[in-house]
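Listing of model-v2.cif; format and content: mmCIF, C-alpha atoms.
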data_data
loop_
_atom_site.label_atom_id
_atom_site.label_comp_id
_atom_site.auth_asym_id
_atom_site.auth_seq_id
_atom_site.Cartn_x
_atom_site.Cartn_y
_atom_site.Cartn_z
CA MET H 1 104.49 56.95 92.32
CA ALA H 2 106.16 53.78 91.20
CA SER H 3 107.23 51.62 94.07
CA ALA H 4 108.57 48.24 94.91
CA ASN H 5 104.96 47.15 95.45
CA SER H 6 104.05 47.21 91.83
CA ALA H 7 107.47 46.43 90.41
CA GLU H 8 106.87 42.70 90.25
CA ALA H 9 103.14 42.37 89.98
CA PRO H 10 102.38 38.72 90.65
CA ALA H 11 100.20 37.07 88.06
CA ASP H 12 99.31 34.09 90.24
CA VAL H 13 96.21 33.26 92.15
CA PRO H 14 95.18 36.29 94.20
CA ALA H 15 94.76 34.27 97.38
CA GLY H 16 98.26 32.81 97.16
CA PRO H 17 101.31 34.19 98.89
CA GLN H 18 102.47 37.61 97.73
CA TYR H 19 106.24 37.37 97.78
CA LEU H 20 108.63 40.17 98.56
CA PRO H 21 110.95 41.36 95.80
CA ALA H 22 114.16 39.31 95.82
CA SER H 23 116.10 42.54 96.40
CA VAL H 24 114.73 42.96 99.95
CA GLN H 25 117.49 42.57 102.52
CA GLY H 26 115.55 42.66 105.75
CA ALA H 27 112.43 43.78 107.57
CA VAL H 28 111.43 46.04 110.42
CA LYS H 29 108.24 45.88 112.45
CA ILE H 30 105.82 48.13 114.27
CA LEU H 31 103.22 46.78 116.69
CA VAL H 32 99.60 47.92 116.49
CA THR H 33 98.12 47.22 119.87
CA GLY H 34 95.12 47.97 122.04
CA PRO H 35 92.11 46.25 123.56
CA PHE H 36 89.83 43.83 121.74
CA GLY H 37 87.62 45.53 119.13
CA VAL H 38 89.51 48.84 119.08
CA GLY H 39 90.27 48.62 115.35
CA LYS H 40 93.76 47.08 115.17
CA THR H 41 92.90 44.83 112.24
CA THR H 42 91.13 47.70 110.45
CA LEU H 43 94.22 49.91 110.74
CA VAL H 44 96.55 47.11 109.61
CA GLY H 45 94.22 46.46 106.66
CA SER H 46 94.17 50.14 105.62
CA LEU H 47 97.97 50.27 105.57
CA SER H 48 98.93 46.85 104.23
CA GLU H 49 99.89 46.19 100.61
CA ILE H 50 98.89 42.56 101.03
CA THR H 51 95.56 41.20 102.16
CA PRO H 52 96.06 41.11 105.93
CA LEU H 53 96.97 37.67 107.17
CA ARG H 54 96.11 35.91 110.38
CA THR H 55 98.44 33.67 112.25
CA GLU H 56 98.17 31.99 115.59
CA GLU H 57 100.49 31.57 118.48
CA THR H 58 99.98 29.12 121.29
CA MET H 59 100.64 30.49 124.70
CA THR H 60 101.25 28.52 127.84
CA ALA H 61 100.51 30.40 131.01
CA ALA H 62 99.86 29.72 134.64
CA SER H 63 96.11 29.30 135.14
CA SER H 64 94.68 32.47 136.53
CA GLY H 65 92.08 32.51 139.26
CA VAL H 66 89.36 33.64 136.86
CA ASP H 67 89.82 30.92 134.28
CA ASP H 68 90.43 28.15 136.73
CA LEU H 69 86.92 26.87 137.21
CA THR H 70 87.84 23.22 137.12
CA GLY H 71 90.07 23.28 140.17
CA HIS H 72 93.11 22.26 138.15
CA SER H 73 96.28 24.03 139.01
CA GLY H 74 99.24 24.53 136.74
CA LYS H 75 99.34 25.51 133.11
CA THR H 76 96.77 26.29 130.47
CA THR H 77 97.33 26.62 126.74
CA THR H 78 95.60 29.44 124.88
CA THR H 79 95.64 30.26 121.21
CA VAL H 80 96.06 33.90 120.30
CA ALA H 81 95.26 35.22 116.83
CA LEU H 82 97.57 37.87 115.38
CA ASP H 83 96.56 39.84 112.30
CA PHE H 84 99.34 41.45 110.35
CA GLY H 85 100.16 43.28 107.16
CA ARG H 86 103.15 44.40 105.15
CA ILE H 87 104.49 47.48 103.36
CA THR H 88 107.49 47.24 101.01
CA LEU H 89 109.18 50.55 101.78
CA ASN H 90 111.82 50.42 99.07
CA PRO H 91 113.54 47.67 97.08
CA ARG H 92 115.65 46.74 100.12
CA LEU H 93 113.39 47.16 103.13
CA ALA H 94 109.99 45.84 104.22
CA LEU H 95 107.84 46.93 107.16
CA TYR H 96 105.53 44.52 108.97
CA LEU H 97 102.62 45.73 111.07
CA PHE H 98 101.58 43.28 113.75
CA GLY H 99 98.22 43.59 115.46
CA THR H 100 99.09 42.61 119.01
CA PRO H 101 96.46 42.01 121.72
CA GLY H 102 96.82 44.47 124.55
CA GLN H 103 95.30 42.62 127.49
CA GLN H 104 97.34 41.51 130.43
CA ARG H 105 96.70 37.83 129.85
CA PHE H 106 98.71 38.00 126.64
CA TRP H 107 101.89 39.30 128.29
CA PRO H 108 103.66 35.93 127.92
CA LEU H 109 103.76 36.63 124.16
CA TRP H 110 104.96 40.18 124.39
CA ASP H 111 108.69 39.76 124.85
CA ASP H 112 108.91 37.77 121.69
CA LEU H 113 106.58 39.96 119.63
CA SER H 114 108.07 43.26 120.72
CA ARG H 115 111.77 42.37 120.46
CA GLY H 116 113.34 44.61 117.84
CA ALA H 117 110.15 46.58 117.13
CA LEU H 118 110.65 50.19 116.03
CA GLY H 119 107.76 51.06 118.30
CA ALA H 120 104.07 50.55 118.96
CA ILE H 121 100.88 52.35 118.04
CA ALA H 122 98.50 51.97 120.98
CA MET H 123 94.93 52.37 119.77
CA VAL H 124 92.41 53.80 122.20
CA ASP H 125 88.62 53.73 122.03
CA LEU H 126 87.45 56.88 123.81
CA ARG H 127 84.16 55.21 124.75
CA ARG H 128 86.13 52.80 126.94
CA PRO H 129 89.57 54.29 127.59
CA ASP H 130 90.05 52.25 130.77
CA GLU H 131 90.53 49.14 128.62
CA SER H 132 93.80 50.65 127.39
CA PHE H 133 95.39 51.09 130.81
CA ASP H 134 96.98 47.62 130.81
CA VAL H 135 98.74 48.05 127.53
CA LEU H 136 99.89 51.64 128.12
CA GLY H 137 101.47 50.52 131.39
CA ARG H 138 103.17 47.61 129.70
CA LEU H 139 104.63 49.78 126.91
CA GLU H 140 106.06 52.18 129.49
CA GLU H 141 107.50 49.33 131.55
CA GLN H 142 109.10 47.69 128.54
CA ARG H 143 110.37 51.08 127.30
CA ILE H 144 108.87 50.53 123.87
CA PRO H 145 108.51 53.89 122.10
CA PHE H 146 104.81 54.43 121.42
CA ALA H 147 102.10 56.86 120.40
CA VAL H 148 98.44 56.79 121.36
CA ALA H 149 96.12 56.58 118.35
CA VAL H 150 92.51 57.59 118.90
CA ASN H 151 90.30 55.77 116.43
CA THR H 152 87.81 58.45 115.42
CA PHE H 153 84.95 56.47 113.98
CA PRO H 154 81.51 58.13 114.13
CA GLY H 155 80.16 58.43 117.65
CA THR H 156 83.58 58.85 119.21
CA PRO H 157 83.39 61.46 121.95
CA SER H 158 85.98 64.23 121.78
CA TYR H 159 87.97 65.51 124.71
CA PRO H 160 90.49 68.31 125.05
CA GLU H 161 93.96 66.81 124.66
CA GLU H 162 95.06 67.74 128.18
CA GLU H 163 92.03 65.99 129.67
CA LEU H 164 92.74 62.87 127.64
CA ARG H 165 96.43 62.95 128.51
CA SER H 166 95.65 63.09 132.18
CA ALA H 167 92.89 60.45 131.97
CA LEU H 168 95.34 58.06 130.27
CA ASP H 169 98.18 59.19 132.56
CA LEU H 170 100.50 59.76 129.60
CA LEU H 171 104.03 61.10 129.84
CA PRO H 172 104.44 64.44 128.04
CA GLU H 173 106.61 62.91 125.29
CA VAL H 174 103.93 60.43 124.18
CA PRO H 175 102.11 61.87 121.16
CA ILE H 176 98.33 61.58 120.83
CA LEU H 177 97.35 61.05 117.21
CA TYR H 178 93.91 60.77 115.61
CA CYS H 179 92.65 58.82 112.64
CA ASP H 180 89.69 56.96 111.23
CA ALA H 181 91.35 53.56 110.81
CA ARG H 182 89.04 52.72 107.90
CA ASP H 183 90.58 55.50 105.82
CA ARG H 184 93.84 54.67 104.05
CA ARG H 185 95.07 58.26 103.79
CA GLN H 186 94.39 59.04 107.44
CA SER H 187 96.01 55.75 108.47
CA TYR H 188 99.11 56.57 106.42
CA ASP H 189 99.30 60.05 107.95
CA LEU H 190 99.09 58.46 111.39
CA LEU H 191 101.91 56.03 110.64
CA ILE H 192 104.05 58.78 109.10
CA ASP H 193 103.49 61.06 112.13
CA PHE H 194 104.47 58.19 114.41
CA VAL H 195 107.68 57.33 112.56
CA ASP H 196 108.48 61.05 112.32
CA HIS H 197 108.14 61.18 116.12
CA LEU H 198 110.48 58.18 116.49
CA HIS H 199 112.94 59.81 114.14
CA ARG H 200 112.94 63.12 116.01
CA SER H 201 113.34 61.31 119.35
CA SER H 202 116.32 59.39 117.99
CA LEU H 203 117.97 62.67 116.99
CA LEU H 204 117.46 64.06 120.50
CA GLU H 205 119.06 61.02 122.05
CA LEU H 206 122.23 61.33 120.02
CA PRO H 207 125.19 61.71 122.33
CA GLY H 208 127.05 65.00 122.49
CA MET E 1 95.04 16.57 125.43
CA SER E 2 94.14 16.78 121.74
CA GLY E 3 94.23 20.13 119.91
CA PRO E 4 96.86 22.25 121.64
CA VAL E 5 99.40 19.44 121.97
CA ARG E 6 99.46 18.41 118.35
CA PRO E 7 101.90 21.11 117.10
CA TYR E 8 104.62 19.74 119.32
CA VAL E 9 104.30 16.37 117.67
CA ILE E 10 105.24 18.03 114.39
CA THR E 11 108.38 19.51 115.92
CA GLY E 12 109.40 16.30 117.65
CA GLY E 13 108.73 17.73 121.09
CA ARG E 14 110.87 20.83 120.72
CA SER E 15 109.17 24.09 121.52
CA ARG E 16 112.18 26.36 121.08
CA PRO E 17 113.91 27.08 117.80
CA THR E 18 117.46 25.85 117.51
CA ARG E 19 118.42 29.35 116.44
CA SER E 20 117.19 31.76 119.03
CA ASP E 21 117.52 34.73 116.71
CA LEU E 22 114.55 33.84 114.51
CA ALA E 23 111.93 36.57 114.77
CA ILE E 24 108.43 36.71 113.34
CA GLU E 25 109.68 39.30 110.83
CA SER E 26 112.78 37.29 109.86
CA LEU E 27 112.67 36.62 106.12
CA VAL E 28 113.02 33.12 104.71
CA SER E 29 113.67 31.72 101.27
CA ALA E 30 114.62 28.25 100.13
CA LEU E 31 118.08 28.04 98.60
CA PRO E 32 117.98 27.11 94.93
CA ASP E 33 120.72 24.51 95.33
CA PRO E 34 120.41 23.13 98.84
CA PRO E 35 123.25 20.92 100.04
CA GLU E 36 122.79 17.16 99.99
CA LEU E 37 121.12 16.25 103.28
CA PRO E 38 122.95 13.80 105.55
CA GLU E 39 121.45 10.30 105.44
CA HIS E 40 120.05 10.38 108.95
CA VAL E 41 118.12 13.58 108.29
CA LEU E 42 114.46 13.08 107.56
CA LEU E 43 112.43 16.10 106.66
CA ASN E 44 108.82 15.82 107.72
CA ARG E 45 105.82 16.94 105.72
CA GLU E 46 105.77 20.39 107.27
CA HIS E 47 109.45 20.99 106.49
CA ARG E 48 108.68 20.13 102.88
CA ARG E 49 105.67 22.44 102.81
CA ILE E 50 107.88 25.30 104.03
CA LEU E 51 110.46 24.59 101.32
CA GLY E 52 107.69 24.44 98.73
CA LEU E 53 106.17 27.74 99.85
CA CYS E 54 109.41 29.69 100.23
CA HIS E 55 110.73 29.66 96.70
CA SER E 56 110.80 33.45 97.13
CA LEU E 57 111.07 35.71 100.18
CA LEU E 58 108.42 35.59 102.93
CA SER E 59 108.51 36.41 106.63
CA VAL E 60 108.24 33.71 109.29
CA ALA E 61 104.81 35.17 110.12
CA GLU E 62 103.64 34.84 106.51
CA VAL E 63 104.86 31.25 106.34
CA ALA E 64 102.86 30.46 109.50
CA ALA E 65 99.74 32.16 108.14
CA HIS E 66 99.88 30.47 104.73
CA LEU E 67 100.54 27.01 106.16
CA GLY E 68 98.06 27.37 109.04
CA LEU E 69 100.68 26.50 111.65
CA PRO E 70 101.36 28.31 114.95
CA LEU E 71 104.25 30.80 114.86
CA GLY E 72 106.27 28.91 117.46
CA VAL E 73 106.10 25.72 115.41
CA VAL E 74 107.19 27.49 112.23
CA LYS E 75 110.16 29.04 114.05
CA VAL E 76 111.34 25.59 115.09
CA LEU E 77 110.89 24.12 111.61
CA VAL E 78 112.54 27.06 109.84
CA GLY E 79 115.36 26.80 112.40
CA ASP E 80 115.83 23.15 111.39
CA LEU E 81 115.98 24.04 107.71
CA TRP E 82 118.38 26.87 108.44
CA ASP E 83 120.68 24.54 110.39
CA LEU E 84 120.62 22.15 107.44
CA GLY E 85 121.53 24.93 105.02
CA ALA E 86 118.30 24.42 103.09
CA VAL E 87 117.02 27.98 103.55
CA GLN E 88 118.45 31.44 103.70
CA VAL E 89 117.29 33.59 106.63
CA LEU E 90 117.51 37.39 106.66
CA PRO E 91 117.37 38.57 110.27
CA PRO E 92 115.37 41.68 111.27
CA VAL E 93 117.09 44.94 110.45
CA PRO E 94 117.53 46.74 113.79
CA GLN E 95 120.09 44.55 115.50
CA ALA E 96 121.52 47.25 117.71
CA GLU E 97 120.18 48.16 121.12
CA ARG E 98 119.30 51.65 119.96
CA LEU E 99 117.42 52.38 116.76
CA PRO E 100 119.67 53.98 114.19
CA THR E 101 118.43 57.37 113.02
CA THR E 102 119.27 56.48 109.44
CA LEU E 103 116.96 53.46 109.55
CA LEU E 104 114.04 55.57 110.81
CA GLU E 105 114.79 58.08 108.05
CA GLU E 106 114.63 55.30 105.47
CA VAL E 107 111.26 54.11 106.83
CA LEU E 108 109.93 57.67 106.81
CA VAL E 109 111.03 58.35 103.23
CA GLY E 110 109.46 55.07 102.08
CA LEU E 111 106.14 55.80 103.76
CA ARG E 112 105.97 59.35 102.40
CA GLN E 113 106.49 58.07 98.88
CA LEU E 114 103.75 55.49 99.21
CA ARG E 115 101.25 57.79 100.91
#
Go ahead and render the structure in this file as structure tokens.
Amino acid sequence: MASANSAEAPADVPAGPQYLPASVQGAVKILVTGPFGVGKTTLVGSLSEITPLRTEETMTAASSGVDDLTGHSGKTTTTVALDFGRITLNPRLALYLFGTPGQQRFWPLWDDLSRGALGAIAMVDLRRPDESFDVLGRLEEQRIPFAVAVNTFPGTPSYPEEELRSALDLLPEVPILYCDARDRRQSYDLLIDFVDHLHRSSLLELPG
Amino acid sequence: MSGPVRPYVITGGRSRPTRSDLAIESLVSALPDPPELPEHVLLNREHRRILGLCHSLLSVAEVAAHLGLPLGVVKVLVGDLWDLGAVQVLPPVPQAERLPTTLLEEVLVGLRQLR
């Protein structure tokens, strides 16, 4: 299937920037979030048309009790790495996928990262589901539409959906999706199911 | 006070973009015929690097990644260039409070074709 991706194949150095077609008029974004090591970068890499990129954001936050070993009070500056990828959806529209850390200490970044997002895919590692509680709570609080994505790499335990839903304390409208984030096809199916869910929800919310 | 402070030297001490509507997915490209800059305006090295990189469309996030600068710094610098009329900025698509159904449809169709 011909697409905007291949329309203007760049002949430059592979490592250089891969520009969007000049016809693109704007971008949308979806966050890929979850605890450290859950597979966010793997999923972004399976979906992205460009080699995933890493950027950094500096975050100033009040020193927390845990980090404050020096006795200083006040502010600390932390650097947070964000991995992201891109899909050119059609000649006019691009989608960015931002891997967004899902631990509480990164909340200062969240308002900025999540503003305008279509939604978030919250990845869960079933060997340590408790590490996802922070981020699931935050998504609910911020009213960001989301789905839970169970990364099914080998060795992942399986639970009946109702058990998992209750363990993660999910509202009934939050879909639970499964994929091996290393597999492009499965990752695409996951993303399509998620956007399909967003689309159906938007139809339900139409007035009248 | 070495590493973390340095970015704010580049931006002249400003940590907020002059245009608050710059997002990480905003798209930037240098204008082919930028207006003559006023005499008092001095672009720094990082401004020039952004102009050099953005001869075609890239997101703010991609600019930051390729130049190895923090996102916040790039937002400030791109904001400067935008104010000067040296770059074109395409804001993120959903600008309404509620996501338009037609936009989600467009995303869905695009993804299904690429699958």
Practice task
Kindly resolve the PyMOL selection byres ((chain E) within 8 of (chain H)) on the present coordinates and return the residues as a PyMOL selection string.
Solution key: chain E and resi 4+23-27+56-58+61-62+64-66+68-72+90-95+99-101+104-105+107-108+110-115
Would you mind listing what lies within 12 Å of H:Thr33 as a CSV table (one decimal) with C-alpha atoms, in the coordinates of the input, with only C-alpha atoms counted and same-chain residues fewer than 4 positions away left out?
chain,number,residue,atom,x,y,z
H,37,GLY,CA,87.6,45.5,119.1
H,38,VAL,CA,89.5,48.8,119.1
H,39,GLY,CA,90.3,48.6,115.4
H,40,LYS,CA,93.8,47.1,115.2
H,41,THR,CA,92.9,44.8,112.2
H,42,THR,CA,91.1,47.7,110.4
H,43,LEU,CA,94.2,49.9,110.7
H,44,VAL,CA,96.6,47.1,109.6
H,82,LEU,CA,97.6,37.9,115.4
H,83,ASP,CA,96.6,39.8,112.3
H,84,PHE,CA,99.3,41.4,110.4
H,97,LEU,CA,102.6,45.7,111.1
H,98,PHE,CA,101.6,43.3,113.8
H,99,GLY,CA,98.2,43.6,115.5
H,100,THR,CA,99.1,42.6,119.0
H,101,PRO,CA,96.5,42.0,121.7
H,102,GLY,CA,96.8,44.5,124.6
H,103,GLN,CA,95.3,42.6,127.5
H,106,PHE,CA,98.7,38.0,126.6
H,110,TRP,CA,105.0,40.2,124.4
H,113,LEU,CA,106.6,40.0,119.6
H,114,SER,CA,108.1,43.3,120.7
H,119,GLY,CA,107.8,51.1,118.3
H,120,ALA,CA,104.1,50.6,119.0
H,121,ILE,CA,100.9,52.4,118.0
H,122,ALA,CA,98.5,52.0,121.0
H,123,MET,CA,94.9,52.4,119.8
H,124,VAL,CA,92.4,53.8,122.2
H,125,ASP,CA,88.6,53.7,122.0
H,131,GLU,CA,90.5,49.1,128.6
H,132,SER,CA,93.8,50.6,127.4
H,133,PHE,CA,95.4,51.1,130.8
H,134,ASP,CA,97.0,47.6,130.8
H,135,VAL,CA,98.7,48.0,127.5
H,136,LEU,CA,99.9,51.6,128.1
H,138,ARG,CA,103.2,47.6,129.7
H,139,LEU,CA,104.6,49.8,126.9
H,144,ILE,CA,108.9,50.5,123.9
H,146,PHE,CA,104.8,54.4,121.4
H,147,ALA,CA,102.1,56.9,120.4
H,148,VAL,CA,98.4,56.8,121.4
H,149,ALA,CA,96.1,56.6,118.4
H,150,VAL,CA,92.5,57.6,118.9
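A straight line drawn from atom CA of H:Glu173 to atom CA of H:Glu140 is 11.5 Å long.
The spacing separating atom CA of H:Ala167 from atom CA of H:Gly155 amounts to 19.3 Å.
All residues of protein, DNA or RNA that reach within 10 Å of E:Leu43, judged by all atoms listed in the file and not counting those fewer than 5 positions away in the chain, are E:Leu37, E:Arg48, E:Leu77, E:Asp80, E:Leu81.
With distances taken over all atoms listed in the file, E:Leu31 is the one residue among E:Asp83, E:Leu22, E:Leu31, E:Glu106 lying closest to E:His55.
Between atom CA of E:Gly85 and atom CA of E:Pro35 lies a distance of 6.6 Å.
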Handout entry: Residues returned when the PyMOL selection byres ((chain E and resi 51) around 9) runs on this file, as a PyMOL selection string
Key = chain E and resi 29-31+46-50+52-55+81+86-87
Give, as JSON, the centre coordinates and the x, y and z edge lengths in Å to one decimal for an axis-aligned box around all listed atoms of stretch 112-115 of chain E, padded by 6 Å on each side.
{"center_x": 103.9, "center_y": 57.4, "center_z": 100.6, "size_x": 17.2, "size_y": 15.9, "size_z": 15.5}
Practice task
For the structure provided, state which residues fall under the PyMOL selection byres ((chain H and resi 153) around 10), and present them as a ChimeraX atom specification.
Solution key: /H:39,125,150-152,154-157,179-183
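With all atoms listed in the file as the basis for measurement, H:Asp111 is the residue among H:Asp111, H:Asp169, H:Asp130, H:Glu163 that approaches H:Arg143 most closely.
Considering all atoms listed in the file, the residue among H:Leu204, H:Trp107, H:Phe36, H:Pro129 positioned nearest to H:Ser166 is H:Pro129.
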Incomplete stretch 152-183 of chain H filled out to N, CA and C atoms as a short mmCIF file (atom, residue, chain, number, x, y, z; two decimals), keeping the file's coordinate frame:
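The file below, selection_27.cif, is the result:
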data_model
loop_
_atom_site.label_atom_id
_atom_site.label_comp_id
_atom_site.auth_asym_id
_atom_site.auth_seq_id
_atom_site.Cartn_x
_atom_site.Cartn_y
_atom_site.Cartn_z
N THR H 152 88.91 57.48 115.42
CA THR H 152 87.81 58.45 115.42
C THR H 152 86.67 58.02 114.52
N PHE H 153 86.13 56.83 114.77
CA PHE H 153 84.95 56.47 113.98
C PHE H 153 83.74 57.22 114.54
N PRO H 154 82.66 57.31 113.72
CA PRO H 154 81.51 58.13 114.13
C PRO H 154 81.01 57.71 115.52
N GLY H 155 80.66 58.72 116.31
CA GLY H 155 80.16 58.43 117.65
C GLY H 155 81.25 58.50 118.70
N THR H 156 82.50 58.72 118.25
CA THR H 156 83.58 58.85 119.21
C THR H 156 83.46 60.18 119.93
N PRO H 157 83.42 60.18 121.24
CA PRO H 157 83.39 61.46 121.95
C PRO H 157 84.71 62.19 121.77
N SER H 158 84.70 63.51 121.87
CA SER H 158 85.98 64.23 121.78
C SER H 158 86.27 64.94 123.10
N TYR H 159 87.53 64.89 123.47
CA TYR H 159 87.97 65.51 124.71
C TYR H 159 89.13 66.44 124.40
N PRO H 160 89.27 67.50 125.19
CA PRO H 160 90.49 68.31 125.05
C PRO H 160 91.71 67.44 125.33
N GLU H 161 92.79 67.68 124.58
CA GLU H 161 93.96 66.81 124.66
C GLU H 161 94.49 66.68 126.09
N GLU H 162 94.49 67.79 126.83
CA GLU H 162 95.06 67.74 128.18
C GLU H 162 94.25 66.83 129.09
N GLU H 163 92.91 66.84 128.88
CA GLU H 163 92.03 65.99 129.67
C GLU H 163 92.31 64.51 129.37
N LEU H 164 92.47 64.23 128.08
CA LEU H 164 92.74 62.87 127.64
C LEU H 164 94.11 62.40 128.16
N ARG H 165 95.08 63.29 128.06
CA ARG H 165 96.43 62.95 128.51
C ARG H 165 96.43 62.61 130.01
N SER H 166 95.66 63.36 130.75
CA SER H 166 95.65 63.09 132.18
C SER H 166 94.80 61.85 132.49
N ALA H 167 93.72 61.65 131.74
CA ALA H 167 92.89 60.45 131.97
C ALA H 167 93.69 59.18 131.68
N LEU H 168 94.55 59.24 130.65
CA LEU H 168 95.34 58.06 130.27
C LEU H 168 96.69 58.05 130.99
N ASP H 169 96.95 59.09 131.78
CA ASP H 169 98.18 59.19 132.56
C ASP H 169 99.41 59.06 131.66
N LEU H 170 99.41 59.86 130.58
CA LEU H 170 100.50 59.76 129.60
C LEU H 170 101.65 60.70 129.95
N LEU H 171 102.85 60.24 129.71
CA LEU H 171 104.03 61.10 129.84
C LEU H 171 103.97 62.16 128.74
N PRO H 172 104.56 63.34 129.01
CA PRO H 172 104.44 64.44 128.04
C PRO H 172 105.00 64.11 126.66
N GLU H 173 105.99 63.19 126.59
CA GLU H 173 106.61 62.91 125.29
C GLU H 173 105.80 61.95 124.42
N VAL H 174 104.73 61.37 124.98
CA VAL H 174 103.93 60.43 124.18
C VAL H 174 102.94 61.21 123.32
N PRO H 175 103.05 61.13 122.00
CA PRO H 175 102.11 61.87 121.16
C PRO H 175 100.72 61.23 121.16
N ILE H 176 99.70 62.08 121.05
CA ILE H 176 98.33 61.58 120.83
C ILE H 176 97.96 61.91 119.39
N LEU H 177 97.66 60.88 118.63
CA LEU H 177 97.35 61.05 117.21
C LEU H 177 95.91 60.60 116.97
N TYR H 178 95.31 61.10 115.89
CA TYR H 178 93.91 60.77 115.61
C TYR H 178 93.79 60.24 114.19
N CYS H 179 92.96 59.22 114.01
CA CYS H 179 92.65 58.82 112.64
C CYS H 179 91.43 57.92 112.62
N ASP H 180 90.73 57.95 111.47
CA ASP H 180 89.69 56.96 111.23
C ASP H 180 90.41 55.79 110.55
N ALA H 181 90.53 54.68 111.28
CA ALA H 181 91.35 53.56 110.81
C ALA H 181 90.81 52.93 109.54
N ARG H 182 89.59 53.29 109.14
CA ARG H 182 89.04 52.72 107.90
C ARG H 182 89.57 53.46 106.67
N ASP H 183 90.15 54.64 106.91
CA ASP H 183 90.58 55.50 105.82
C ASP H 183 92.08 55.35 105.57
#
